[in-house]
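S.K.: Following this message is one structure expressed as structure tokens.
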Amino acid sequence: MSKIVTLPVLPLDDEVVLPAMVVPLDLSESDVRAAIDAARASAVSRGPGIRSEDKPRVLLVPRINGKYAAVGTLGVVEQIGTLPGGGPGAVVRGVARVRIGSGTTGPGAALWVEGTEVEDTGLGARAAELAKEYKALVVGVLEKRGAWQVVDMIQQIEDPSVMADRAGYASYLSAEQKARILETADVTERLQLAIGWTREHLAELDVAETIRKDVEEGVEKQQKEFLLRQQLAAIRKELNELNGDPSSEEEDYRARVEAADLPEKVREAALKEVDKLERTSDQSPEGGWIRTWLDTVLDIPWNERTEDAYDIAGARRILDEDHTGLDDVKERIVEYLAVRKRREDRGLGVIGGRRSGAVLALVGPPGVGKTSLGESVARAMGREFVRVALGGVRDEAEIRGHRRTYVGALPGRVVRAIREAGTMNPVVLLDEIDKVGADYRGDPTAALLEVLDPAQNHTFRDHYLEVELDLSDVVFLATANALETIPGPLLDRMELVALDGYTEDEKVAIARDHLLRRQLDKAGLTADEVTIGEDALRLLAGEYTREAGVRSLERAIARVLRKVAAKVALEEQELPLTVGAGDLRDYLGRPRFTPETSLNESERRTAVPGVATGLAVTGAGGDVLYIEASLADKETGDTGVTLTGQLGDVMKESARIALSYLRSRGAELELPVGDLKDRGVHVHVPAGAVPKDGPSAGVTMTTALASLLSGRLVRTDVAMTGEVSLTGRVLPIGGVKQKLLAAHRAGVTTVIIPKRNEPDLDDVPAEVLEQLTVHPVSDVREVLELALEPATTRNAVAA
């Protein structure tokens with residue numbers, strides 16, 4: 001039967017005392033002292049001769065988060081005295097669980113309550129097994145802490161209830177967990193709770209132990225490495241002192257900087273970085289950045305320069321040996337060397353920090369030798385050659401370098417080219433400068449403004465180096481296929497040299513003197529074994545390839561030689577062998593291009609009215625452009641103008657201007673333009689998949705429309721170019737040389753150009769002009785008189 005007790009309440013803030021625990025209590029708190037005083041007063045009232053079981057008793061009630069628990073512990077006050085700190089205290093021993101009931105009255109200022117003692121339940125074999133398991137876990141925890149004396153005491157406990165209540169001493173259990181154990185009367189359940197929480201704590205201890213061991217091992221490794229490095233540094237220092245070398249890496253860098261032939265400002269900047277390196281710890285990443293920067297600065301040839309070869313005749317001879325034609329570039333290089341030689345002879349040095357470098361832009365179609373020309377220029381001048389590929393570059397840092405704060409920072413491509421060349425005056429080829437892009441990382445072409453400006457590049461400052469670099473003695477050669485994509489300010493800083501393509505005679509000479517020799521070597525053949533006749537080379541250049549450069553021609557020669565090598569290996573042919581024009585069909589098949597003038601009348605593009613031959617300039621050089629026009633039937637077609645062929649805005653405007661001119665001058669030109677209001681006009685420019693733009697097709701469109709309205713054919717041997725105005729004036733255009741070369745390649749014999757472009761004929765090779773009849777015109781009526789066949793059935797189409 002449960003026993004009812006009346007006891008003063010001793011509150012414990014966020015603490016729990018379980019039965020079988022002995023704890024000291026601080027009596028300085030008013031609630032605690034009031035409870036102890038009330039308990040003592042109650043014991044005295046029971047009379048003299050107090051026995052041990054009549055000692056003052058209190059009810060120890062946990063107060064968690066300001067709320068009293070439902071179950072407390074009956075505590076016996078064993079002793080009242082002074083705590084080690086000097087304050088009043090009492091030792092209380094827990095005896096039994098008490099379920100708190102209603103409040104009551106009693107002596108003193110304490111709160112008295114009635115409670116019912118709670119008896120333990122769940123004792124038995126299962127409780128004994130769990131007690132042993134819990135004891136083993138507690139012993140494991142204590143052993144990890146090294147509390148061996150407490151281990152001996154725990155080993156002596158046999159009562160499962162007492163063993164479970166020992167959880168009150170566990171520092172790893174929270175007040176809420178201990179309060180739950182206090183409220184649980186079933187011993188088996190108490191032990192299960194304690195076992196689960198202890199296992200969790202042991203797992204945490206194991207993880208903490210593993211982490212501690214790993215940390216200790218890492219610290220030991222670092223200490224060991226530190227000691228070894230210190231010993232290594234000491235050994236190196238002793239060895240360096242014996243050999244007279246610098247005693248540390250910092251001193252080594254300082255010695256290298258002082259020994260290097262650096263400009264004064266660069267030397268000051270390098271020594272400041274060495275000072276930073278000496279103050280930086282070995283573990284700091286900044287040390288690695290400083291070392292990389294110092295290595296880069298020391299690798300740059302600040303005062304190294306190659307002597308120019310002032311043999312002017314020898315330089316011209318080298319250029320002629322490597323390239324056929326390209327006289328403009330060769331003359332510019334010879335002029336440059338001649339001026340340098342004259343200044344050298346007269347003892348004229350550098351003026352104002354600027355040297356006599358050059359910035360040339362080689363502009364022309366692919367395959368004319370722009371890139372290979374750079375190597376020839378360097379060889380002719382006796383300088384080092386470096387190629388910088390700019391095609392597809394979109395990051396400004398590729399030119400100016402990265403800031404040193406970035407991980408993996410590098411100097412720009414210009415600085416790397418100087419370092420790779422080993423001199424401050426190399427020939428640097430900026431290849432494909434028109435293919436440079438721009439995005440959110442900046443515009444590389446804008447970064448090139450300072451690099452390619454002869455008035456500024458003697459103080460070029462790379463973002464990585466942050467010191468001035470003199471580029472004024474560098475010869476920059478920039479290559480481009482089209483000028484339209486190069487910004488105007490950048491183009492203004494370069495001297496333009498146009499490479500407009502080769503004539504057929506020049507291609508034959510290049511193939512004979514350069515391409516054939518190179519491809520024979522690649523095919524493992526010699527000039528004594530295989531000979532390709534000049535007639536075969538001319539046929540290859542004229543009908544098997546049609547281009548401004550010679551790349552396709554070289555591939556055709558390589559294919560012929562591969563076929564020869566294969567047939568010799570199969571014993572189908574014997575060496576030596578001569579390949580003539582008649583043999584090409586066996587090696588390469590039929591020709592891919594046929595001149596328009598050699599076709600049958602029915603095969604020609606201009607065999608019907610409304611088709612005219614124009615001339616255009618593309619990224620691949622000059623080209624022949626056919627413009628077709630047609631009229632819709634009154635019954636089936638729409639009115640208005642239709643323009644097709646991926647035409648740009650300017651080209652569309654040219655078509656409308658041509659039609660407006662013919663409408664306004666129809667009577668004067670004897671053209672039936674009255675029906676145009678009822679019939680639609682369609683102008684098409686093949687090939688439809690290729691974008692086209694520009695004003696130079698104006699006269700061609702006018703001629704095609706006039707041919708269509710009059711029914712007169714356009715002469716097959718005539719090609720034309722020029723912008724047309726509403727009044728019929730023929731205005732000047734660009735690219736005359738490239739267009740005439742394209743007309744010559746296509747077999748055209750008569751070319752119509754604007755009158756104001758007549759001075760541009762001086763740039764056209766004489767052998768091309770000899771085979772062309774060029775008509776400079778200033779009015780559209782002159783074009784129509786020259787281009788249209790004589791009238792036979794006039795107005796046949798318009799009728």
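Residue numbering restarts at 1 for every chain of the structure tokens, chains are lettered A, B, ... in their displayed order, and ligands are numbered from 1 as they appear.
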Extract, using only C-alpha atoms, all DNA, RNA and protein residues at most 9 Å from Ala556 (chain A), discarding same-chain residues fewer than 2 positions from it, and format them as a list in words.

M.R.: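 What passes the distance filter is Leu540, Tyr544, Thr545, Arg551, Ser552, Leu553, Glu554, Ala558, Arg559, Val560, Leu561 and Leu588 of chain A.
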
S.K.: Filtering to N, CA and C atoms, could you give me those residues as a short mmCIF file (atom, residue, chain, number, x, y, z; two decimals), in the first residue's frame?

M.R.:
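Below is the file part-v2.cif, written as the result:
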```
data_model
loop_
_atom_site.label_atom_id
_atom_site.label_comp_id
_atom_site.auth_asym_id
_atom_site.auth_seq_id
_atom_site.Cartn_x
_atom_site.Cartn_y
_atom_site.Cartn_z
N LEU A 540 44.43 23.62 -113.73
CA LEU A 540 44.04 23.49 -112.32
C LEU A 540 43.61 24.83 -111.74
N TYR A 544 39.65 23.93 -112.34
CA TYR A 544 39.45 23.02 -111.20
C TYR A 544 39.32 23.78 -109.89
N THR A 545 39.87 24.97 -109.83
CA THR A 545 39.73 25.83 -108.65
C THR A 545 39.41 27.24 -109.13
N ARG A 551 44.94 28.07 -101.74
CA ARG A 551 44.79 26.90 -100.88
C ARG A 551 44.16 25.74 -101.65
N SER A 552 43.07 26.01 -102.35
CA SER A 552 42.43 24.93 -103.11
C SER A 552 43.34 24.43 -104.22
N LEU A 553 44.13 25.30 -104.81
CA LEU A 553 45.08 24.88 -105.83
C LEU A 553 46.13 23.94 -105.24
N GLU A 554 46.61 24.26 -104.03
CA GLU A 554 47.59 23.37 -103.39
C GLU A 554 46.96 22.03 -103.05
N ALA A 558 48.16 18.38 -104.34
CA ALA A 558 48.41 17.29 -103.41
C ALA A 558 47.60 16.05 -103.79
N ARG A 559 46.36 16.26 -104.23
CA ARG A 559 45.53 15.11 -104.62
C ARG A 559 46.10 14.41 -105.84
N VAL A 560 46.58 15.18 -106.82
CA VAL A 560 47.20 14.58 -108.01
C VAL A 560 48.41 13.74 -107.60
N LEU A 561 49.26 14.28 -106.75
CA LEU A 561 50.46 13.55 -106.34
C LEU A 561 50.11 12.31 -105.53
N LEU A 588 41.55 13.81 -111.32
CA LEU A 588 40.63 14.66 -110.55
C LEU A 588 39.20 14.63 -111.07
#
```

S.K.: Would you kindly return, as an MDAnalysis selection string, each protein, DNA or RNA residue with an atom no farther than 8 Å from any atom of region 479-490 of chain A, considering only C-alpha atoms and excluding same-chain residues fewer than 3 positions away?

M.R.: chainID A and resid 361:366 370:371 429:435 445:446 448:449 452 493:494 619:620

S.K.: Between A:Asp261, A:Glu78, A:Glu468, A:Glu278, which residue has the minimum interatomic distance to Arg291 (chain A), considering only C-alpha atoms?

M.R.: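 Residue with the minimum atom-to-atom distance to Arg291 (chain A): A:Glu278.
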
S.K.: Near Ala34 (chain A), counting only C-alpha atoms, which residues have an atom at most 8 Å away, once you skip same-chain residues fewer than 5 positions from it, shown as number ranges by chain?

M.R.: A: 108-110

S.K.: Write a file of the selected residues as a PDB file, in the first residue's frame, keeping N, CA, C and O atoms.

M.R.:
```pdb
ATOM      1  N   GLY A 108       7.051  27.191   9.175  1.00  0.00           N
ATOM      2  CA  GLY A 108       8.028  27.870   8.336  1.00  0.00           C
ATOM      3  C   GLY A 108       7.381  28.524   7.128  1.00  0.00           C
ATOM      4  O   GLY A 108       6.176  28.490   6.903  1.00  0.00           O
ATOM      5  N   ALA A 109       8.275  29.139   6.302  1.00  0.00           N
ATOM      6  CA  ALA A 109       7.811  29.873   5.124  1.00  0.00           C
ATOM      7  C   ALA A 109       7.770  29.011   3.885  1.00  0.00           C
ATOM      8  O   ALA A 109       7.455  29.502   2.798  1.00  0.00           O
ATOM      9  N   ALA A 110       8.083  27.723   4.008  1.00  0.00           N
ATOM     10  CA  ALA A 110       8.150  26.851   2.836  1.00  0.00           C
ATOM     11  C   ALA A 110       6.760  26.443   2.387  1.00  0.00           C
ATOM     12  O   ALA A 110       5.789  26.519   3.139  1.00  0.00           O
TER      13      ALA A 110
END
```

S.K.: Measuring atom to atom with only C-alpha atoms, identify which of A:Ala179, A:Val32, A:Val9, A:Ala511 is nearest to Ile64 (chain A).

M.R.: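 Of A:Ala179, A:Val32, A:Val9, A:Ala511, the one nearest Ile64 (chain A) is A:Ala179, counting only C-alpha atoms.
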
S.K.: Smallest atom-to-atom distance to Gly124 (chain A): which of A:Ala719, A:Leu298, A:Val187, A:Ala309, using only C-alpha atoms?

M.R.: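 Nearest to Gly124 (chain A): A:Val187.
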
S.K.: Set the distance at 8 Å and use only C-alpha atoms: which residues neighbour Thr702 (chain A) once local chain neighbours fewer than 6 positions away are removed? I'd like the list as an MDAnalysis selection string.

M.R.: chainID A and resid 655 658:659 662 780

S.K.: So that I can check the surroundings of Lys276 (chain A), please list as a list in words every protein, DNA and RNA residue that reaches within 10 Å of it, counting only C-alpha atoms and ignoring chain neighbours fewer than 5 positions away.

M.R.: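 The residues satisfying every condition are Glu250, Ala270, Leu271, Ser281, Glu286, Gly287 and Ile290 of chain A.
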
S.K.: Pull N, CA, C and O atoms from the residues just selected and write them as a PDB file, in the first residue's frame.

M.R.:
```
ATOM      1  N   GLU A 250      64.060  33.802 -50.485  1.00  0.00           N
ATOM      2  CA  GLU A 250      63.880  35.236 -50.605  1.00  0.00           C
ATOM      3  C   GLU A 250      65.170  35.920 -51.017  1.00  0.00           C
ATOM      4  O   GLU A 250      65.185  36.794 -51.888  1.00  0.00           O
ATOM      5  N   ALA A 270      60.016  45.097 -58.454  1.00  0.00           N
ATOM      6  CA  ALA A 270      60.398  43.725 -58.138  1.00  0.00           C
ATOM      7  C   ALA A 270      60.970  43.625 -56.723  1.00  0.00           C
ATOM      8  O   ALA A 270      60.682  42.670 -55.986  1.00  0.00           O
ATOM      9  N   LEU A 271      61.771  44.598 -56.315  1.00  0.00           N
ATOM     10  CA  LEU A 271      62.329  44.564 -54.960  1.00  0.00           C
ATOM     11  C   LEU A 271      61.241  44.741 -53.905  1.00  0.00           C
ATOM     12  O   LEU A 271      61.316  44.155 -52.820  1.00  0.00           O
ATOM     13  N   SER A 281      54.318  34.459 -44.656  1.00  0.00           N
ATOM     14  CA  SER A 281      54.575  33.122 -44.129  1.00  0.00           C
ATOM     15  C   SER A 281      54.541  32.093 -45.251  1.00  0.00           C
ATOM     16  O   SER A 281      53.961  32.308 -46.312  1.00  0.00           O
ATOM     17  N   GLU A 286      49.600  33.958 -50.752  1.00  0.00           N
ATOM     18  CA  GLU A 286      50.150  35.138 -51.403  1.00  0.00           C
ATOM     19  C   GLU A 286      51.611  34.926 -51.797  1.00  0.00           C
ATOM     20  O   GLU A 286      52.089  35.492 -52.777  1.00  0.00           O
ATOM     21  N   GLY A 287      52.313  34.073 -51.037  1.00  0.00           N
ATOM     22  CA  GLY A 287      53.700  33.791 -51.380  1.00  0.00           C
ATOM     23  C   GLY A 287      53.835  33.172 -52.761  1.00  0.00           C
ATOM     24  O   GLY A 287      54.730  33.525 -53.533  1.00  0.00           O
ATOM     25  N   ILE A 290      53.322  35.850 -55.438  1.00  0.00           N
ATOM     26  CA  ILE A 290      54.485  36.739 -55.584  1.00  0.00           C
ATOM     27  C   ILE A 290      55.591  36.023 -56.350  1.00  0.00           C
ATOM     28  O   ILE A 290      56.241  36.607 -57.233  1.00  0.00           O
TER      29      ILE A 290
END
```

S.K.: List every residue of region 289-443 of chain A that DSSP, applied to the backbone of this structure, places in alpha helix (DSSP H), and write the result as a CSV table (one decimal) with C-alpha atoms, in the first residue's frame.

M.R.:
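Written file, out-v8.csv:
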```
chain,number,residue,atom,x,y,z
A,289,TRP,CA,51.4,34.6,-56.3
A,290,ILE,CA,54.5,36.7,-55.6
A,291,ARG,CA,56.9,34.0,-56.8
A,292,THR,CA,54.9,33.5,-60.0
A,293,TRP,CA,54.9,37.3,-60.6
A,294,LEU,CA,58.7,37.5,-60.0
A,295,ASP,CA,59.4,34.6,-62.3
A,296,THR,CA,57.3,36.2,-65.0
A,297,VAL,CA,59.1,39.6,-64.6
A,298,LEU,CA,62.5,37.9,-64.6
A,299,ASP,CA,61.7,35.9,-67.8
A,312,ILE,CA,68.3,45.7,-98.1
A,313,ALA,CA,68.9,43.7,-101.3
A,314,GLY,CA,69.2,40.5,-99.3
A,315,ALA,CA,65.9,41.2,-97.5
A,316,ARG,CA,64.1,41.8,-100.7
A,317,ARG,CA,65.6,38.6,-102.1
A,318,ILE,CA,64.3,36.6,-99.2
A,319,LEU,CA,60.8,38.0,-99.6
A,320,ASP,CA,60.8,37.2,-103.3
A,321,GLU,CA,62.0,33.7,-102.6
A,322,ASP,CA,59.2,33.0,-100.1
A,327,ASP,CA,54.8,43.8,-104.0
A,328,ASP,CA,53.1,46.3,-101.6
A,329,VAL,CA,54.1,44.4,-98.5
A,330,LYS,CA,57.6,43.8,-99.7
A,331,GLU,CA,58.1,47.5,-100.6
A,332,ARG,CA,56.8,48.5,-97.1
A,333,ILE,CA,59.3,46.2,-95.3
A,334,VAL,CA,62.2,47.3,-97.5
A,335,GLU,CA,61.2,51.0,-96.8
A,336,TYR,CA,61.2,50.2,-93.1
A,337,LEU,CA,64.6,48.6,-93.2
A,338,ALA,CA,66.0,51.4,-95.3
A,339,VAL,CA,64.9,54.1,-92.8
A,340,ARG,CA,66.3,52.1,-89.9
A,341,LYS,CA,69.6,51.7,-91.7
A,342,ARG,CA,69.9,55.4,-92.5
A,343,ARG,CA,69.1,56.3,-88.9
A,344,GLU,CA,71.7,53.8,-87.7
A,345,ASP,CA,74.4,55.2,-90.1
A,370,LYS,CA,49.0,36.7,-95.1
A,371,THR,CA,50.1,34.4,-92.2
A,372,SER,CA,53.1,32.9,-93.9
A,373,LEU,CA,54.2,36.4,-94.9
A,374,GLY,CA,54.9,37.1,-91.2
A,375,GLU,CA,57.6,34.5,-91.0
A,376,SER,CA,59.2,35.7,-94.2
A,377,VAL,CA,59.3,39.3,-92.9
A,378,ALA,CA,60.9,38.1,-89.6
A,379,ARG,CA,63.5,36.2,-91.6
A,380,ALA,CA,64.2,39.1,-93.9
A,381,MET,CA,64.8,41.4,-90.9
A,397,ALA,CA,42.1,39.9,-70.2
A,398,GLU,CA,43.6,37.8,-73.1
A,399,ILE,CA,45.1,41.0,-74.3
A,400,ARG,CA,45.7,43.0,-71.1
A,413,ARG,CA,49.0,37.3,-74.9
A,414,VAL,CA,51.2,40.2,-76.0
A,415,VAL,CA,53.4,39.9,-72.9
A,416,ARG,CA,53.5,36.1,-73.4
A,417,ALA,CA,54.6,36.6,-77.0
A,418,ILE,CA,57.4,38.9,-75.9
A,419,ARG,CA,58.6,36.4,-73.3
A,420,GLU,CA,58.4,33.6,-75.8
A,421,ALA,CA,60.4,35.5,-78.4
```

S.K.: What's around Leu786 (chain A) at 10 Å? Count only C-alpha atoms, leave out sequence neighbours fewer than 2 positions away in its own chain, and write the answer as a ChimeraX atom specification.

M.R.: /A:714-715,718,750-752,775,777,780-784,788-790

S.K.: Could you save those same residues with N, CA, C and O atoms as a compact mmCIF listing (two decimals), in the first residue's frame?

M.R.:
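Okay, part.txt is ready:
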```txt
# COMPACT_ATOMS: atom_id res chain seq x y z
N VAL A 714 21.33 40.46 -122.23
CA VAL A 714 22.56 41.07 -121.74
C VAL A 714 23.74 40.32 -122.34
O VAL A 714 23.75 39.07 -122.38
N ARG A 715 24.72 41.04 -122.80
CA ARG A 715 25.89 40.40 -123.43
C ARG A 715 26.56 39.44 -122.45
O ARG A 715 26.75 39.75 -121.28
N VAL A 718 30.00 40.54 -120.71
CA VAL A 718 30.01 41.81 -119.99
C VAL A 718 29.65 41.58 -118.52
O VAL A 718 28.69 40.87 -118.21
N THR A 750 34.74 41.95 -120.89
CA THR A 750 34.36 43.37 -120.87
C THR A 750 33.79 43.70 -119.50
O THR A 750 32.90 42.99 -119.00
N VAL A 751 34.29 44.78 -118.91
CA VAL A 751 33.87 45.17 -117.57
C VAL A 751 33.47 46.64 -117.60
O VAL A 751 34.17 47.48 -118.18
N ILE A 752 32.33 46.93 -116.97
CA ILE A 752 31.85 48.31 -116.85
C ILE A 752 32.02 48.75 -115.41
O ILE A 752 31.55 48.08 -114.48
N HIS A 775 35.29 49.71 -119.44
CA HIS A 775 34.56 50.90 -119.86
C HIS A 775 34.17 51.71 -118.64
O HIS A 775 33.24 51.33 -117.90
N VAL A 777 32.08 54.51 -116.99
CA VAL A 777 30.84 55.20 -117.37
C VAL A 777 30.39 56.09 -116.23
O VAL A 777 30.77 55.87 -115.07
N VAL A 780 23.68 55.73 -116.49
CA VAL A 780 23.11 54.40 -116.70
C VAL A 780 22.86 54.14 -118.18
O VAL A 780 22.97 53.01 -118.65
N ARG A 781 22.55 55.19 -118.95
CA ARG A 781 22.29 54.98 -120.37
C ARG A 781 23.51 54.44 -121.09
O ARG A 781 23.39 53.63 -122.01
N GLU A 782 24.67 54.85 -120.66
CA GLU A 782 25.89 54.29 -121.25
C GLU A 782 26.00 52.81 -120.93
O GLU A 782 26.44 52.00 -121.75
N VAL A 783 25.62 52.43 -119.71
CA VAL A 783 25.67 51.02 -119.31
C VAL A 783 24.75 50.20 -120.20
O VAL A 783 25.12 49.13 -120.70
N LEU A 784 23.53 50.69 -120.40
CA LEU A 784 22.57 49.93 -121.19
C LEU A 784 23.02 49.80 -122.64
O LEU A 784 22.84 48.76 -123.28
N LEU A 788 23.54 45.69 -123.34
CA LEU A 788 22.42 45.01 -123.97
C LEU A 788 22.73 44.68 -125.43
O LEU A 788 23.38 45.46 -126.15
N GLU A 789 22.25 43.51 -125.83
CA GLU A 789 22.38 43.12 -127.24
C GLU A 789 21.50 44.04 -128.10
O GLU A 789 20.54 44.65 -127.61
N PRO A 790 21.81 44.14 -129.39
CA PRO A 790 20.96 44.97 -130.27
C PRO A 790 19.52 44.47 -130.26
O PRO A 790 19.26 43.27 -130.09
```

S.K.: For CA of Gln149 (chain A) and CA of Glu209 (chain A), quote the distance in Å rounded to one decimal.

M.R.: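 Taking CA of Gln149 (chain A) as the start and CA of Glu209 (chain A) as the end point, the length is 22.4 Å.
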
S.K.: Do you have the CA of Val139 (chain A)-CA of Arg166 (chain A) distance handy?

M.R.: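 A separation of 12.0 Å between them.
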
S.K.: List as an MDAnalysis selection string the protein and nucleic acid residues near Gly728 (chain A), meaning an atom at most 7 Å away when only C-alpha atoms are counted, but skip any in the same chain fewer than 3 places from it.

M.R.: chainID A and resid 661 724:725 779:780

S.K.: Taking into account only C-alpha atoms, which residue in the set A:Arg63, A:Arg745, A:Lys652, A:His463 is nearest to Lys692 (chain A)?

M.R.: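 Comparing A:Arg63, A:Arg745, A:Lys652, A:His463 against Lys692 (chain A), the winner is A:Lys652.
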
S.K.: DSSP on the backbone: what in region 163-369 of chain A comes out strand (DSSP E), as a PyMOL selection string?

M.R.: chain A and resi 358-363

S.K.: Which residue out of A:Asp439, A:Asp206, A:Glu238, A:Gly422 has the minimum interatomic distance to Gly392 (chain A) when only C-alpha atoms are used?

M.R.: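 Smallest distance to Gly392 (chain A) is found for A:Asp439.
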
S.K.: Using CA of Leu516 (chain A) and CA of Gly367 (chain A) as the two end points, give the distance in Å to one decimal.

M.R.: 15.6 Å

S.K.: For Glu304 (chain A), which residue out of A:Pro88, A:Gly391, A:Pro426, A:Pro776 is the nearest one, using only C-alpha atoms?

M.R.: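 That would be A:Pro426, the residue with the smallest distance to Glu304 (chain A).
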